[in-house]
Protein chains: 4
Amino acid sequence: VADEKSAEFPSLTDLESVAATRVSERVWAYIQGGSGDERTLRANVEAFRRWAVRPRTLTGISSVDLGTTILGRPVSAPVFVSPMAYQAEVHPDGELGVARAARDHGWLAAFGTLSSLSLEQIAKASGLGPRWFQLYLQPDWEVSRRLAERAERAGFSAIVLTVDFPVLAIRDRQARAGFAIDGSVPIGNGADVVPPAREAARDGSTYRLRPEAETTWEVVERLKAASHLPVVVKGILTPEDARTAVQHGAAGIVVSNHGGRQLDGTPATIAVLPEIVEAAGPRTEVYLDGGVRRGTDILIALALGARAVGVGRPILWALATGGGPGVGRYMERLSDELATCLLLAGRASPTEVNRSLLRAAGL
Amino acid sequence: VADEKSAEFPSLTDLESVAATRVSERVWAYIQGGSGDERTLRANVEAFRRWAVRPRTLTGISSVDLGTTILGRPVSAPVFVSPMAYQAEVHPDGELGVARAARDHGWLAAFGTLSSLSLEQIAKASGLGPRWFQLYLQPDWEVSRRLAERAERAGFSAIVLTVDFPVLAIRDRQARAGFAIDGSVPIGNGADVVPPAREAARDGSTYRLRPEAETTWEVVERLKAASHLPVVVKGILTPEDARTAVQHGAAGIVVSNHGGRQLDGTPATIAVLPEIVEAAGPRTEVYLDGGVRRGTDILIALALGARAVGVGRPILWALATGGGPGVGRYMERLSDELATCLLLAGRASPTEVNRSLLRAAGL
Amino acid sequence: VADEKSAEFPSLTDLESVAATRVSERVWAYIQGGSGDERTLRANVEAFRRWAVRPRTLTGISSVDLGTTILGRPVSAPVFVSPMAYQAEVHPDGELGVARAARDHGWLAAFGTLSSLSLEQIAKASGLGPRWFQLYLQPDWEVSRRLAERAERAGFSAIVLTVDFPVLAIRDRQARAGFAIDGSVPIGNGADVVPPAREAARDGSTYRLRPEAETTWEVVERLKAASHLPVVVKGILTPEDARTAVQHGAAGIVVSNHGGRQLDGTPATIAVLPEIVEAAGPRTEVYLDGGVRRGTDILIALALGARAVGVGRPILWALATGGGPGVGRYMERLSDELATCLLLAGRASPTEVNRSLLRAAGL
Amino acid sequence: VADEKSAEFPSLTDLESVAATRVSERVWAYIQGGSGDERTLRANVEAFRRWAVRPRTLTGISSVDLGTTILGRPVSAPVFVSPMAYQAEVHPDGELGVARAARDHGWLAAFGTLSSLSLEQIAKASGLGPRWFQLYLQPDWEVSRRLAERAERAGFSAIVLTVDFPVLAIRDRQARAGFAIDGSVPIGNGADVVPPAREAARDGSTYRLRPEAETTWEVVERLKAASHLPVVVKGILTPEDARTAVQHGAAGIVVSNHGGRQLDGTPATIAVLPEIVEAAGPRTEVYLDGGVRRGTDILIALALGARAVGVGRPILWALATGGGPGVGRYMERLSDELATCLLLAGRASPTEVNRSLLRAAGL
């Protein structure tokens, strides 16, 4: 097994560069690209460097358990697969591969409105693994409602409502490579499901969006009523919105800038995490995605109050490199690295990680 | 149309590099070059990275209107074409192309003393489009006065008085490329109009300028008396000068370092904008140019108090790339990006953008 | 001699690049590599740039004496050889070469549990030179105890207990190059001596280590009881641990992140030195390793309270370049540079260097 | 003349790269190299970027006079030639070329103990031009005294005492290139004049210098007694030393780190200038060298309290490029740029430049 592993990607350090050789330029632009001139894309990664980790020694711990709970459900690591569209474009294994790897490794995985397969097919592959369903609001509320209902029926354990996508951002790398998120890519969840608006309709100096853009925060309550599932709001970057989400009954918040793919210039997620954790209060779980690459990044996010972190591009890199098994190996490698980091930091579990682990890197 | 568009420049990200292939090295040095060792040129662009944008979500807005007013006149976007000399050097379409594109898109455009065509010819092309006339003070006040008069007659709606050009700065890139702003380039506005002093006349350790350099702030009052047009002062970088400009009756202020082409080492315009907005007070509009490249930059400038922003080099890049139609497409792309950014930020119009949109990027 | 010198490495500036040409890629990866994405590796070096040195002039000193004491023993420079494993992999001279060079130059050198030769063999080569024995705790305490006993008998003057190695970190560069710290490399100290745990044993989401990982701070007392030697604790990065080490009787503390080879993301050692010096108090000597490359770095560390500094990679570079004699020449060059720096700073000896020598570099 | 000019170096921006093609690698290493790993060399240049210049507009000035006085003597610009050894190595014109260019342009120039020609020969070439004599203290005080006497007789107007050179720093670039400042290069000032100590004499861990290193601050008084000339102390980087220099009667202070060629890690000169100006008080002139490249740098140094600034490497670049006439052209170009910068900043003379011209660049 060791040999196969190294054949596919010798280490986490190599994953991105190996993946780049396995897909077309068009798909690579889809995976890698951000919006605008990609300030946020870079900031997500760089902002983790502002923190340094303070390890404690001779603490007497000789084991670490990565297991934790997310919204009360046990998972084997404080890391989850962020929802990502069109995984079949990256590798034929697509969502099935990711779902099986997540199930096998006890990771939570989120699958989305724009999956290549239907949520029921994914649920089947995922078996008893913990999974979330990510929702892009549909122009017709009834379609949104039915998706939530189906997700509940298919055993998903939460609805993740994406709120940072009233319209697709300007993504030059994708545009140049000819990658379009539009009707040309089939959506597994049914013919009545549509992707978010690709652009606003211009009329002189006015730009108009589809009706679902008019949605306000009461949608959280409506969505909670649509199923018995808790609602997690994804795409929050301000404490004001965090407070509002909590007031409307969100069970969790994903601090996210959509991996630097929506509004460019938004802050790195790790930079705003602390103020959002504070605003959300102790009863609402806060997660983060954006720029998480190494075990140390996860330590930092946990120390700043994240319950768990999402990984996005690395999952696609692993999928591109080795299909579903590649994703599994990635999960193993990242878990191993996180466990090693915890041991070296002198912490026996994710819940033992708090602000005392950190100091400013001072660079 | 989509095909033609992408043929000319696939995206805003590509505009600069495509333009570089369309003009001679000499003209490229003119477009790109700054003064000194180009600290300010770089700082203008980089300083926008110090701010991060805080988007609000589920705000219920489903449309955005880019329209605003500048000095009371409606424009279709809070962006204008900064005055730039010698546009015919960049592309045969020159000022006519820019004027027509601005008219077609409802953008304000400023044309200057050193235009390749006369201001009357530009006015004709510009039709009913909003336009400003930029004035370099002439050695003979009477020539300046007549230019203001002609501008009023030709339907320009303001006089932009450039105050950062008592003498041409040392511009090594232009000098090396053999590009001279001197009598060799014909000036469309008439034989009695001269460019600003190319250099000070040296006499031992003393350097003397032409008479117009002795001008003081009362010129604003004189200029206001020369026509019925409001006077906008361009090239202010200190709150002291902003206050003085307001005291002398300036209707507007352009925070500008001449795109990094005059005194090198001056601060990035976005860095000084807040203190100038404060000094100018609520009744004087403040604009900014220098380093504006993307929709996010415009958001930041608006949030820090700019009524509108000017774009300079990008207009020349677009002109070089596709002539007048290229400029039109650039205006469309930038407007689309700005509208998208506003929608993603949860703001329905430029006037809804304020300081609450920003936080320090913390890099 | 001058000719030979320059033939091997013309200057300290060239040492690293020359060394790179003298060993296999596999060994180079071992020497150079860090853990994770090598943030700490880079930070160690860069953090010295945050300080600037304030030289005093016309102080009347015309000589400098580099000599100082470490734990009461005289050494000819406030610099020592950090413990490093497997030196025979780098050059056939291995530990013998390093030990002889240290003896000849009066430097303290630390040799470790994982040396290619037995500590007795090293002691023989080292003759009367000052030397420390670095201990990796063994699964069986009795083996650790016997190593301490042997070290005392062989004339080592302190036991350096490494506390940052409950398990090997994830080191991608080594892994890719196929360099493994495992049973395949023979350990000179005997068949019962084992390297630290290469990885934690995974069992679901739980990772378990070998028994020695359960060790707590009372091991310092046990170790003191095992011989008459003072115990120096190596791998401390927080003032909390420094205080605890002192409470348990540590005679010295090495502020170290294992050269960026263990927990990635830990702070640069020079960044945390001041708070650890303060926590350790006046009676416990504090040393530092990590990123020390030039005379100026040593000045900075001394000024921030280090009694002496360790050098690691540069010793291996010198060993790779010129074997034992190369190490000697390196010691000479670094001593010469340090003496020159002290003279130029207006300080006659290491003990005259204090905080007044420094200011923030302000970069 | 314009053609010849551009043939030699098209602009200040090009000067360094053109010069690099005109001398041997050995001489280039001498010109360019610094000490240690050249932190200070880089810092000198970069630290100017921390300041931004605030231009005032419509001030009514139409001329600028660069003329000022240095120690009461009129010069045509607030810039002088820093003392540099061995100019004949760079170009056959050597010191004669520099002296004539300085005379022709009314610049102050400092020539040193290690000039290729005698100070009397230089004085002859320099004619009535203002000039300083830089002194390296000699092992025999009598030799130092006689040099001061000769300088006075030859019409030099001050003695510049270099205090940052008790011993030559470790300069790897020079060493690698085989450039030695030793007896092999003839010294124009006579057979009894010797260069500063190349290295300290090692004896075990002790390093001893020549007797002149034992000099203390009373040397300033002795030197004042040796001639009627004022004494300027060069190489001060702390306010403590500045105060002491003033107490001992120094007429001026050159804030200098020897162009990054002596103690590496010292702060950028512009970073410490303000505190030294304050310590020196209003009656002692303070100058600066190190990293001055453009007109803007001079503005910044003047604004922070320097009476004048020295340029070193750029003079050697110009000498390498065009001999004495090249130096003259450099002086012209830099003067022109400075005059332009003053005009654009709205200041009529160097004495009008003060702290109000600056703000933090905020990068």
# chains A, B, ... in the order shown; residues from 1 in each chain; ligands from 1

$ residues_around --residues "B:Val309" --least-positions-apart "2" --cutoff "6 Å" --atoms "only C-alpha atoms" --output "list in words"
Val79, Tyr287, Leu288 and Asp289 of chain B

$ write_last_selection --atoms "C-alpha atoms" --output "compact mmCIF listing (two decimals), in the first residue's frame"
# COMPACT_ATOMS: atom_id res chain seq x y z
CA VAL B 79 -16.18 55.76 -12.76
CA TYR B 287 -12.68 61.75 -6.61
CA LEU B 288 -9.59 59.58 -6.89
CA ASP B 289 -7.45 58.12 -9.61

$ residues_around --residues "D:Pro83" --least-positions-apart "5" --cutoff "8 Å" --atoms "only C-alpha atoms" --output "PDB file with N, CA and C atoms, in the first residue's frame"
ATOM      1  N   ALA D 109      33.103  67.438  -2.147  1.00  0.00           N
ATOM      2  CA  ALA D 109      33.554  66.055  -2.279  1.00  0.00           C
ATOM      3  C   ALA D 109      34.532  65.732  -1.159  1.00  0.00           C
ATOM      4  N   ALA D 110      34.397  64.533  -0.635  1.00  0.00           N
ATOM      5  CA  ALA D 110      35.331  64.082   0.390  1.00  0.00           C
ATOM      6  C   ALA D 110      36.300  63.096  -0.238  1.00  0.00           C
ATOM      7  N   PHE D 111      37.583  63.278   0.041  1.00  0.00           N
ATOM      8  CA  PHE D 111      38.591  62.332  -0.426  1.00  0.00           C
ATOM      9  C   PHE D 111      39.288  61.782   0.789  1.00  0.00           C
ATOM     10  N   GLY D 112      39.833  60.584   0.617  1.00  0.00           N
ATOM     11  CA  GLY D 112      40.198  59.908   1.845  1.00  0.00           C
ATOM     12  C   GLY D 112      41.650  59.521   1.962  1.00  0.00           C
ATOM     13  N   GLN D 134      39.045  62.803   4.435  1.00  0.00           N
ATOM     14  CA  GLN D 134      38.599  61.732   5.331  1.00  0.00           C
ATOM     15  C   GLN D 134      39.806  61.019   5.916  1.00  0.00           C
ATOM     16  N   GLY D 312      27.682  57.526  -2.613  1.00  0.00           N
ATOM     17  CA  GLY D 312      28.907  56.762  -2.739  1.00  0.00           C
ATOM     18  C   GLY D 312      28.897  55.888  -3.984  1.00  0.00           C
TER      19      GLY D 312
END

$ select_by_dssp --residues "stretch 38-141 of chain A" --states "strand (DSSP E)" --output "PDB file with N, CA, C and O atoms, in the first residue's frame"
ATOM      1  N   TRP A  51       0.004  33.444  12.292  1.00  0.00           N
ATOM      2  CA  TRP A  51      -0.059  32.819  13.607  1.00  0.00           C
ATOM      3  C   TRP A  51       1.063  31.820  13.773  1.00  0.00           C
ATOM      4  O   TRP A  51       1.423  31.115  12.845  1.00  0.00           O
ATOM      5  N   ALA A  52       1.578  31.773  14.967  1.00  0.00           N
ATOM      6  CA  ALA A  52       2.552  30.740  15.300  1.00  0.00           C
ATOM      7  C   ALA A  52       1.961  29.879  16.414  1.00  0.00           C
ATOM      8  O   ALA A  52       1.136  30.342  17.209  1.00  0.00           O
ATOM      9  N   VAL A  53       2.401  28.646  16.442  1.00  0.00           N
ATOM     10  CA  VAL A  53       1.846  27.637  17.338  1.00  0.00           C
ATOM     11  C   VAL A  53       2.823  27.388  18.472  1.00  0.00           C
ATOM     12  O   VAL A  53       4.010  27.201  18.249  1.00  0.00           O
ATOM     13  N   SER A  63      -1.239   9.579  23.489  1.00  0.00           N
ATOM     14  CA  SER A  63      -2.128   9.284  22.370  1.00  0.00           C
ATOM     15  C   SER A  63      -2.991  10.498  22.123  1.00  0.00           C
ATOM     16  O   SER A  63      -3.121  11.378  22.971  1.00  0.00           O
ATOM     17  N   VAL A  64      -3.529  10.527  20.937  1.00  0.00           N
ATOM     18  CA  VAL A  64      -4.394  11.619  20.567  1.00  0.00           C
ATOM     19  C   VAL A  64      -5.608  11.001  19.899  1.00  0.00           C
ATOM     20  O   VAL A  64      -5.497   9.975  19.222  1.00  0.00           O
ATOM     21  N   ASP A  65      -6.756  11.572  20.137  1.00  0.00           N
ATOM     22  CA  ASP A  65      -7.945  11.098  19.426  1.00  0.00           C
ATOM     23  C   ASP A  65      -8.500  12.249  18.619  1.00  0.00           C
ATOM     24  O   ASP A  65      -8.899  13.276  19.168  1.00  0.00           O
ATOM     25  N   THR A  68     -14.336  13.899  17.106  1.00  0.00           N
ATOM     26  CA  THR A  68     -15.067  15.002  17.717  1.00  0.00           C
ATOM     27  C   THR A  68     -16.528  14.842  17.278  1.00  0.00           C
ATOM     28  O   THR A  68     -16.886  13.837  16.667  1.00  0.00           O
ATOM     29  N   THR A  69     -17.340  15.806  17.622  1.00  0.00           N
ATOM     30  CA  THR A  69     -18.701  15.795  17.085  1.00  0.00           C
ATOM     31  C   THR A  69     -18.938  17.086  16.328  1.00  0.00           C
ATOM     32  O   THR A  69     -18.382  18.127  16.659  1.00  0.00           O
ATOM     33  N   ILE A  70     -19.775  16.964  15.309  1.00  0.00           N
ATOM     34  CA  ILE A  70     -20.201  18.141  14.569  1.00  0.00           C
ATOM     35  C   ILE A  70     -21.717  18.131  14.603  1.00  0.00           C
ATOM     36  O   ILE A  70     -22.342  17.150  14.178  1.00  0.00           O
ATOM     37  N   ARG A  73     -23.098  14.942  15.971  1.00  0.00           N
ATOM     38  CA  ARG A  73     -22.786  13.651  15.340  1.00  0.00           C
ATOM     39  C   ARG A  73     -21.293  13.363  15.423  1.00  0.00           C
ATOM     40  O   ARG A  73     -20.480  14.233  15.087  1.00  0.00           O
ATOM     41  N   PRO A  74     -20.916  12.162  15.787  1.00  0.00           N
ATOM     42  CA  PRO A  74     -19.495  11.846  15.854  1.00  0.00           C
ATOM     43  C   PRO A  74     -18.852  11.779  14.466  1.00  0.00           C
ATOM     44  O   PRO A  74     -19.444  11.242  13.519  1.00  0.00           O
ATOM     45  N   VAL A  75     -17.694  12.343  14.358  1.00  0.00           N
ATOM     46  CA  VAL A  75     -16.875  12.228  13.140  1.00  0.00           C
ATOM     47  C   VAL A  75     -15.460  11.873  13.593  1.00  0.00           C
ATOM     48  O   VAL A  75     -15.087  12.115  14.741  1.00  0.00           O
ATOM     49  N   VAL A  79     -12.443  17.796  10.484  1.00  0.00           N
ATOM     50  CA  VAL A  79     -12.226  18.259   9.113  1.00  0.00           C
ATOM     51  C   VAL A  79     -13.369  17.692   8.289  1.00  0.00           C
ATOM     52  O   VAL A  79     -13.762  16.556   8.507  1.00  0.00           O
ATOM     53  N   PHE A  80     -13.894  18.487   7.384  1.00  0.00           N
ATOM     54  CA  PHE A  80     -14.949  17.958   6.510  1.00  0.00           C
ATOM     55  C   PHE A  80     -14.686  18.368   5.074  1.00  0.00           C
ATOM     56  O   PHE A  80     -13.853  19.237   4.797  1.00  0.00           O
ATOM     57  N   VAL A  81     -15.374  17.691   4.178  1.00  0.00           N
ATOM     58  CA  VAL A  81     -15.267  18.017   2.756  1.00  0.00           C
ATOM     59  C   VAL A  81     -16.240  19.148   2.464  1.00  0.00           C
ATOM     60  O   VAL A  81     -17.453  18.998   2.631  1.00  0.00           O
ATOM     61  N   LEU A 108     -17.031  13.800   7.780  1.00  0.00           N
ATOM     62  CA  LEU A 108     -18.221  14.458   7.277  1.00  0.00           C
ATOM     63  C   LEU A 108     -17.921  15.009   5.889  1.00  0.00           C
ATOM     64  O   LEU A 108     -16.854  15.565   5.652  1.00  0.00           O
ATOM     65  N   ALA A 109     -18.884  14.849   4.977  1.00  0.00           N
ATOM     66  CA  ALA A 109     -18.730  15.450   3.653  1.00  0.00           C
ATOM     67  C   ALA A 109     -20.014  16.164   3.278  1.00  0.00           C
ATOM     68  O   ALA A 109     -21.108  15.686   3.570  1.00  0.00           O
ATOM     69  N   ALA A 110     -19.845  17.330   2.660  1.00  0.00           N
ATOM     70  CA  ALA A 110     -21.006  18.066   2.175  1.00  0.00           C
ATOM     71  C   ALA A 110     -21.101  17.903   0.671  1.00  0.00           C
ATOM     72  O   ALA A 110     -20.096  18.011  -0.034  1.00  0.00           O
ATOM     73  N   PHE A 111     -22.298  17.605   0.205  1.00  0.00           N
ATOM     74  CA  PHE A 111     -22.530  17.520  -1.235  1.00  0.00           C
ATOM     75  C   PHE A 111     -23.572  18.540  -1.586  1.00  0.00           C
ATOM     76  O   PHE A 111     -24.416  18.890  -0.760  1.00  0.00           O
ATOM     77  N   GLY A 112     -23.540  18.980  -2.857  1.00  0.00           N
ATOM     78  CA  GLY A 112     -24.278  20.185  -3.114  1.00  0.00           C
ATOM     79  C   GLY A 112     -25.354  20.075  -4.163  1.00  0.00           C
ATOM     80  O   GLY A 112     -25.539  19.051  -4.839  1.00  0.00           O
ATOM     81  N   ARG A 131     -23.127  13.147   6.468  1.00  0.00           N
ATOM     82  CA  ARG A 131     -23.131  13.976   5.246  1.00  0.00           C
ATOM     83  C   ARG A 131     -24.086  15.139   5.373  1.00  0.00           C
ATOM     84  O   ARG A 131     -25.092  15.048   6.080  1.00  0.00           O
ATOM     85  N   TRP A 132     -23.753  16.214   4.704  1.00  0.00           N
ATOM     86  CA  TRP A 132     -24.576  17.412   4.686  1.00  0.00           C
ATOM     87  C   TRP A 132     -25.015  17.674   3.259  1.00  0.00           C
ATOM     88  O   TRP A 132     -24.307  17.347   2.298  1.00  0.00           O
ATOM     89  N   PHE A 133     -26.159  18.345   3.131  1.00  0.00           N
ATOM     90  CA  PHE A 133     -26.609  18.734   1.799  1.00  0.00           C
ATOM     91  C   PHE A 133     -26.527  20.258   1.670  1.00  0.00           C
ATOM     92  O   PHE A 133     -27.125  20.993   2.459  1.00  0.00           O
ATOM     93  N   GLN A 134     -25.769  20.698   0.657  1.00  0.00           N
ATOM     94  CA  GLN A 134     -25.586  22.137   0.448  1.00  0.00           C
ATOM     95  C   GLN A 134     -26.632  22.643  -0.527  1.00  0.00           C
ATOM     96  O   GLN A 134     -26.803  22.091  -1.611  1.00  0.00           O
ATOM     97  N   LEU A 135     -27.309  23.699  -0.179  1.00  0.00           N
ATOM     98  CA  LEU A 135     -28.402  24.218  -1.004  1.00  0.00           C
ATOM     99  C   LEU A 135     -28.094  25.576  -1.615  1.00  0.00           C
ATOM    100  O   LEU A 135     -27.730  26.520  -0.906  1.00  0.00           O
TER     101      LEU A 135
END

$ residues_around --residues "D:Val160" --least-positions-apart "3" --cutoff "12 Å" --atoms "only C-alpha atoms" --output "number ranges by chain"
D: 82-83, 109-113, 131-137, 144, 147-148, 151, 156-157, 163-164, 220, 223-224, 229-235, 250-254, 287

$ write_last_selection --atoms "N, CA, C and O atoms" --output "short mmCIF file (atom, residue, chain, number, x, y, z; two decimals), in the first residue's frame"
data_model
loop_
_atom_site.label_atom_id
_atom_site.label_comp_id
_atom_site.auth_asym_id
_atom_site.auth_seq_id
_atom_site.Cartn_x
_atom_site.Cartn_y
_atom_site.Cartn_z
N SER D 82 30.67 61.06 -0.99
CA SER D 82 31.20 60.36 0.18
C SER D 82 32.63 59.91 -0.09
O SER D 82 32.98 59.63 -1.24
N PRO D 83 33.43 59.83 0.94
CA PRO D 83 34.81 59.37 0.71
C PRO D 83 34.83 57.90 0.32
O PRO D 83 34.13 57.09 0.92
N ALA D 109 33.10 67.44 -2.15
CA ALA D 109 33.55 66.06 -2.28
C ALA D 109 34.53 65.73 -1.16
O ALA D 109 35.35 66.57 -0.79
N ALA D 110 34.40 64.53 -0.64
CA ALA D 110 35.33 64.08 0.39
C ALA D 110 36.30 63.10 -0.24
O ALA D 110 35.89 62.20 -0.99
N PHE D 111 37.58 63.28 0.04
CA PHE D 111 38.59 62.33 -0.43
C PHE D 111 39.29 61.78 0.79
O PHE D 111 39.35 62.44 1.82
N GLY D 112 39.83 60.58 0.62
CA GLY D 112 40.20 59.91 1.85
C GLY D 112 41.65 59.52 1.96
O GLY D 112 42.47 59.67 1.04
N THR D 113 41.93 58.97 3.10
CA THR D 113 43.26 58.47 3.43
C THR D 113 43.73 57.47 2.38
O THR D 113 44.91 57.44 2.03
N ARG D 131 36.07 70.85 -0.46
CA ARG D 131 36.50 69.45 -0.31
C ARG D 131 36.82 69.14 1.15
O ARG D 131 37.24 70.00 1.91
N TRP D 132 36.58 67.87 1.50
CA TRP D 132 36.86 67.38 2.85
C TRP D 132 37.93 66.29 2.75
O TRP D 132 38.00 65.58 1.75
N PHE D 133 38.68 66.16 3.84
CA PHE D 133 39.65 65.07 3.89
C PHE D 133 39.20 64.04 4.93
O PHE D 133 39.01 64.36 6.10
N GLN D 134 39.05 62.80 4.44
CA GLN D 134 38.60 61.73 5.33
C GLN D 134 39.81 61.02 5.92
O GLN D 134 40.71 60.62 5.19
N LEU D 135 39.81 60.83 7.22
CA LEU D 135 40.95 60.25 7.90
C LEU D 135 40.63 58.89 8.51
O LEU D 135 39.68 58.74 9.28
N TYR D 136 41.47 57.90 8.13
CA TYR D 136 41.52 56.66 8.91
C TYR D 136 42.65 56.84 9.91
O TYR D 136 43.80 57.07 9.50
N LEU D 137 42.35 56.73 11.18
CA LEU D 137 43.39 56.87 12.19
C LEU D 137 44.54 55.92 11.89
O LEU D 137 44.32 54.75 11.54
N SER D 144 48.77 60.50 11.66
CA SER D 144 47.41 61.06 11.56
C SER D 144 47.49 62.58 11.62
O SER D 144 46.86 63.30 10.83
N LEU D 147 48.71 64.18 8.50
CA LEU D 147 47.71 64.15 7.42
C LEU D 147 46.73 65.32 7.60
O LEU D 147 46.35 65.98 6.63
N ALA D 148 46.33 65.56 8.84
CA ALA D 148 45.40 66.66 9.11
C ALA D 148 46.06 68.00 8.73
O ALA D 148 45.45 68.86 8.09
N ALA D 151 46.21 68.34 5.05
CA ALA D 151 44.87 68.62 4.50
C ALA D 151 44.54 70.10 4.64
O ALA D 151 44.03 70.74 3.72
N PHE D 156 41.74 71.74 2.10
CA PHE D 156 40.54 71.00 2.50
C PHE D 156 39.88 71.78 3.63
O PHE D 156 40.58 72.46 4.40
N SER D 157 38.55 71.68 3.74
CA SER D 157 37.88 72.57 4.69
C SER D 157 37.36 71.83 5.93
O SER D 157 36.77 72.45 6.80
N VAL D 163 34.87 56.55 12.12
CA VAL D 163 34.92 55.86 13.41
C VAL D 163 34.34 54.45 13.38
O VAL D 163 34.27 53.79 14.41
N ASP D 164 33.92 54.00 12.19
CA ASP D 164 33.29 52.67 12.12
C ASP D 164 34.23 51.61 11.53
O ASP D 164 33.77 50.61 10.99
N VAL D 220 38.87 63.36 19.11
CA VAL D 220 38.25 64.48 18.39
C VAL D 220 38.92 65.78 18.81
O VAL D 220 39.29 66.61 17.96
N LEU D 223 42.39 65.94 17.42
CA LEU D 223 42.39 66.20 15.98
C LEU D 223 42.07 67.66 15.70
O LEU D 223 42.61 68.27 14.76
N LYS D 224 41.18 68.22 16.50
CA LYS D 224 40.89 69.65 16.34
C LYS D 224 42.14 70.48 16.61
O LYS D 224 42.39 71.50 15.94
N LEU D 229 41.03 73.05 11.22
CA LEU D 229 39.83 72.58 10.51
C LEU D 229 38.81 71.99 11.47
O LEU D 229 39.17 71.37 12.48
N PRO D 230 37.53 72.16 11.15
CA PRO D 230 36.50 71.50 11.92
C PRO D 230 36.57 69.98 11.71
O PRO D 230 37.04 69.53 10.66
N VAL D 231 36.11 69.25 12.67
CA VAL D 231 36.13 67.79 12.59
C VAL D 231 34.70 67.27 12.47
O VAL D 231 33.82 67.62 13.27
N VAL D 232 34.49 66.47 11.44
CA VAL D 232 33.21 65.80 11.21
C VAL D 232 33.40 64.33 11.53
O VAL D 232 34.38 63.72 11.07
N VAL D 233 32.51 63.76 12.33
CA VAL D 233 32.66 62.35 12.70
C VAL D 233 31.73 61.51 11.83
O VAL D 233 30.54 61.75 11.76
N LYS D 234 32.31 60.54 11.17
CA LYS D 234 31.55 59.72 10.22
C LYS D 234 31.43 58.28 10.70
O LYS D 234 32.45 57.67 11.05
N GLY D 235 30.19 57.77 10.70
CA GLY D 235 30.00 56.38 11.08
C GLY D 235 29.21 56.23 12.36
O GLY D 235 29.27 55.19 13.01
N ALA D 250 32.71 67.87 17.92
CA ALA D 250 32.51 67.61 16.50
C ALA D 250 31.64 68.70 15.90
O ALA D 250 30.65 69.11 16.50
N ALA D 251 32.03 69.15 14.72
CA ALA D 251 31.25 70.18 14.03
C ALA D 251 30.11 69.57 13.22
O ALA D 251 29.13 70.23 12.90
N GLY D 252 30.28 68.31 12.89
CA GLY D 252 29.26 67.65 12.09
C GLY D 252 29.32 66.15 12.30
O GLY D 252 30.32 65.61 12.81
N ILE D 253 28.25 65.49 11.94
CA ILE D 253 28.12 64.05 12.11
C ILE D 253 27.62 63.45 10.81
O ILE D 253 26.63 63.95 10.26
N VAL D 254 28.29 62.43 10.31
CA VAL D 254 27.75 61.69 9.18
C VAL D 254 27.13 60.39 9.69
O VAL D 254 27.84 59.50 10.16
N TYR D 287 24.69 64.85 8.61
CA TYR D 287 24.60 64.39 7.23
C TYR D 287 24.29 62.89 7.25
O TYR D 287 24.35 62.27 8.31
#

$ residues_around --residues "D:Arg173" --least-positions-apart "5" --cutoff "8 Å" --atoms "only C-alpha atoms" --output "PyMOL selection string"
chain D and resi 29-30+33-35

$ write_last_selection --atoms "C-alpha atoms" --output "compact mmCIF listing (two decimals), in the first residue's frame"
# COMPACT_ATOMS: atom_id res chain seq x y z
CA ALA D 29 32.52 43.12 -6.32
CA TYR D 30 34.50 45.90 -4.66
CA GLY D 33 29.67 44.26 -2.11
CA GLY D 34 28.73 44.68 1.50
CA SER D 35 29.54 42.71 4.61

$ select_by_dssp --residues "stretch 59-133 of chain B" --states "helix (DSSP H, G or I)" --output "JSON, numbers by chain"
{"B": [87, 88, 89, 94, 95, 96, 97, 98, 99, 100, 101, 102, 103, 104, 105, 119, 120, 121, 122, 123, 124, 125, 126]}

$ atom_distance --atom1 "atom CA of B:Glu278" --atom2 "atom CA of B:Leu302"
13.7 Å
